[in-house]
Every structure is written in structure tokens, then in C-alpha cells.
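See below for the structure under consideration.
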Amino acid sequence: MGQLLAAGTVEVLVENGTLGLVEQSRESDIHYPDASAGSWLRPAEGMVHAHCPSNVIDARVRVELWKGDPPGEGVWSHDEETEVFFPAGELCVYTLGETLPTEIGLAAAGRYRVRMSWALNPEAGPFYSPFKGQVGALEYAADGHEADLEGVDQYCLAQVWNLD
């Protein structure tokens, strides 16, 4: 079990399903990285882009930095992991219109694992997949996240830990 080193929470206005995590020095290079079809997370050097359902407007994002593997517990609408190279520096949450600091700094450049888990607010839905060919509403799985979802459409937990 890992040790939580730092955490920060921001609220963002999500535009066009765009939400991600970026190291501050890479802000000017935010783009949509390639990934396999159906992948919710798309990593590139210094960033990871997460798809959101197109009707998610307001999101609360908690970013956690861990030493070692964080717990992967809880019930979520979806969760996914990926590996990304981050340079040393501050992590920010981004969407199309803004980049918000998390007050979490990475002391060393290296390979990091990122797990993003999210819950959708049943009072704000239904929500639908951003991927072609997927029909039907997405699951809410809001149990245990009621306080985190208060006043927002989506709650996202981004857990980051160094692999080097």
C-alpha cells in the first residue's frame, strides 16, 4: 500500500468533453494524443487527456500524488490507468478554456502511472459515451461519492505515482 504525499482539488468547466492532467511546462503543447479505440485516457509526454461525456459541464477533480501504489477501492462509473512521462514540476488540470494549478509538484522527472476514476451525478444525467457505436446511458455508480458530486456533473479522482 502506498503513502499519500499530496492532494489538491479543483473545479472546472468542461468544454467539448475535454479534461486532462498536464505538467505546467507542457501547457503550451496540449493536444489530443493518439490512443486505441475506446480508450478513455490518452497519454502523451507531460500530459494525459481524459474523455468526458459531452454533456458533462461542471467537474470536480481531485489529484493525489502517491509514493507507491495507491488504493484502488470504491465504486466508480469508470476507471482506467495509463503510463505517462512527466517532467519535474507542478501538475495542472486543464480543459479547453483554462489550466488550473493543483498545488502538487513532482520532484523528479520520470515515468508515472496515472489512474483516473470518475463518478457521474445521477441528478444531472443521463450521460452518454463520447465514442461512436456505444449506445445507452453510462452507469452512475455514485454510491459513496454523494458529497463529492454535490453541485457538479462529474467527480474525478486522478491518482499519480512514480514508477522509477
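Chain labels follow the order of the C-alpha cells: the first chain is A, the next B, and so on; residue numbering restarts at 1 in every chain, and ligands are counted from 1 in their shown order.
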Select from region 98-119 of chain A every residue with an atom at most 12 Å from any atom of region 11-17 of chain A, then for each give the shortest pair of atoms and their distance in Å to one decimal, using only C-alpha atoms, rows by chain and rising number, as CSV.
residue,atom,partner,partner_atom,distance
A:Glu98,CA,A:Val12,CA,8.1
A:Thr99,CA,A:Val12,CA,8.9
A:Leu100,CA,A:Val12,CA,8.1
A:Pro101,CA,A:Glu11,CA,10.8
A:Thr102,CA,A:Glu11,CA,10.3
Residues from the last selection, N, CA and C atoms, saved as a compact mmCIF listing (two decimals), in the first residue's frame:
# COMPACT_ATOMS: atom_id res chain seq x y z
N GLU A 98 -9.17 26.77 -19.87
CA GLU A 98 -8.33 27.14 -18.75
C GLU A 98 -7.43 26.01 -18.27
N THR A 99 -6.39 26.41 -17.55
CA THR A 99 -5.49 25.47 -16.88
C THR A 99 -5.42 25.91 -15.43
N LEU A 100 -5.73 24.99 -14.52
CA LEU A 100 -5.78 25.32 -13.11
C LEU A 100 -4.71 24.57 -12.33
N PRO A 101 -3.90 25.27 -11.53
CA PRO A 101 -2.87 24.59 -10.73
C PRO A 101 -3.50 23.75 -9.63
N THR A 102 -2.84 22.65 -9.29
CA THR A 102 -3.32 21.75 -8.24
C THR A 102 -2.52 21.91 -6.95
Considering only strand (DSSP E) as DSSP defines it on the backbone, what residues of chain A qualify? List them as number ranges by chain. A: 3-13, 18-23, 41-44, 47-51, 58-67, 78-86, 89-95, 98-106, 110-120, 154-162
Selection from above, C-alpha atoms, as a short mmCIF file (atom, residue, chain, number, x, y, z; two decimals), in the first residue's frame, can you write it?
data_model
loop_
_atom_site.label_atom_id
_atom_site.label_comp_id
_atom_site.auth_asym_id
_atom_site.auth_seq_id
_atom_site.Cartn_x
_atom_site.Cartn_y
_atom_site.Cartn_z
CA GLN A 3 1.56 6.63 1.05
CA LEU A 4 -0.37 9.79 0.10
CA LEU A 5 2.15 12.62 -0.36
CA ALA A 6 -0.06 15.50 -1.55
CA ALA A 7 -3.57 16.22 -2.79
CA GLY A 8 -5.42 19.11 -4.37
CA THR A 9 -8.95 19.65 -5.66
CA VAL A 10 -10.11 22.00 -8.42
CA GLU A 11 -13.44 22.64 -10.13
CA VAL A 12 -13.50 23.18 -13.88
CA LEU A 13 -15.96 23.97 -16.61
CA THR A 18 -12.01 17.91 -22.81
CA LEU A 19 -10.41 17.31 -19.41
CA GLY A 20 -6.86 16.38 -18.57
CA LEU A 21 -3.81 16.49 -16.39
CA VAL A 22 -0.70 18.32 -17.61
CA GLU A 23 2.69 19.24 -16.17
CA LEU A 41 -7.30 8.02 -21.33
CA ARG A 42 -4.86 9.27 -23.95
CA PRO A 43 -1.31 9.83 -22.67
CA ALA A 44 1.48 11.89 -24.23
CA MET A 47 0.04 15.09 -20.11
CA VAL A 48 -2.88 12.71 -20.09
CA HIS A 49 -6.16 13.58 -21.79
CA ALA A 50 -9.37 12.05 -20.40
CA HIS A 51 -12.55 11.89 -22.46
CA ASP A 58 -19.03 21.01 -14.34
CA ALA A 59 -16.42 18.68 -12.88
CA ARG A 60 -14.63 18.46 -9.56
CA VAL A 61 -11.18 16.91 -9.92
CA ARG A 62 -9.08 15.66 -7.02
CA VAL A 63 -5.43 14.99 -7.87
CA GLU A 64 -3.41 12.82 -5.50
CA LEU A 65 0.35 12.18 -5.55
CA TRP A 66 1.39 8.85 -4.03
CA LYS A 67 4.59 7.13 -3.03
CA HIS A 78 -15.43 4.05 -14.79
CA ASP A 79 -11.74 3.91 -14.04
CA GLU A 80 -8.71 3.43 -16.23
CA GLU A 81 -4.91 3.51 -15.86
CA THR A 82 -2.10 4.58 -18.16
CA GLU A 83 1.60 5.34 -18.04
CA VAL A 84 3.00 8.79 -18.84
CA PHE A 85 6.37 10.52 -18.68
CA PHE A 86 6.14 13.72 -16.64
CA GLY A 89 7.15 20.48 -12.00
CA GLU A 90 3.61 21.35 -11.00
CA LEU A 91 0.61 19.34 -12.14
CA CYS A 92 -2.37 21.26 -13.53
CA VAL A 93 -5.88 20.28 -14.55
CA TYR A 94 -6.87 21.56 -17.98
CA THR A 95 -9.91 21.96 -20.16
CA GLU A 98 -8.33 27.14 -18.75
CA THR A 99 -5.49 25.47 -16.88
CA LEU A 100 -5.78 25.32 -13.11
CA PRO A 101 -2.87 24.59 -10.73
CA THR A 102 -3.32 21.75 -8.24
CA GLU A 103 -0.52 22.86 -5.86
CA ILE A 104 1.06 19.41 -6.43
CA GLY A 105 4.65 19.39 -7.59
CA LEU A 106 6.59 16.47 -8.99
CA GLY A 110 10.20 10.15 -14.83
CA ARG A 111 7.65 7.51 -15.67
CA TYR A 112 4.44 7.84 -13.72
CA ARG A 113 1.31 5.73 -13.53
CA VAL A 114 -1.97 7.65 -13.63
CA ARG A 115 -5.27 6.12 -12.55
CA MET A 116 -8.35 8.20 -13.26
CA SER A 117 -11.64 7.16 -11.69
CA TRP A 118 -14.88 9.05 -12.00
CA ALA A 119 -18.46 9.08 -10.85
CA LEU A 120 -21.34 10.72 -12.68
CA GLN A 154 -18.80 14.58 -12.55
CA TYR A 155 -16.28 13.84 -9.81
CA CYS A 156 -12.87 12.65 -11.00
CA LEU A 157 -10.08 11.20 -8.86
CA ALA A 158 -6.64 11.27 -10.52
CA GLN A 159 -4.04 9.23 -8.62
CA VAL A 160 -0.42 9.63 -9.73
CA TRP A 161 2.62 7.63 -8.62
CA ASN A 162 6.25 7.37 -9.77
#
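CA of Lys132 (chain A) sits 16.8 Å away from CA of Tyr32 (chain A).
Remark: for Pro53 (chain A), the closest of the candidate residues A:Val152, A:Leu163, A:Leu138, A:Ala147 is A:Leu138 (distances computed over only C-alpha atoms).
Between CA of Leu149 (chain A) and CA of Gly2 (chain A) lies a distance of 25.6 Å.
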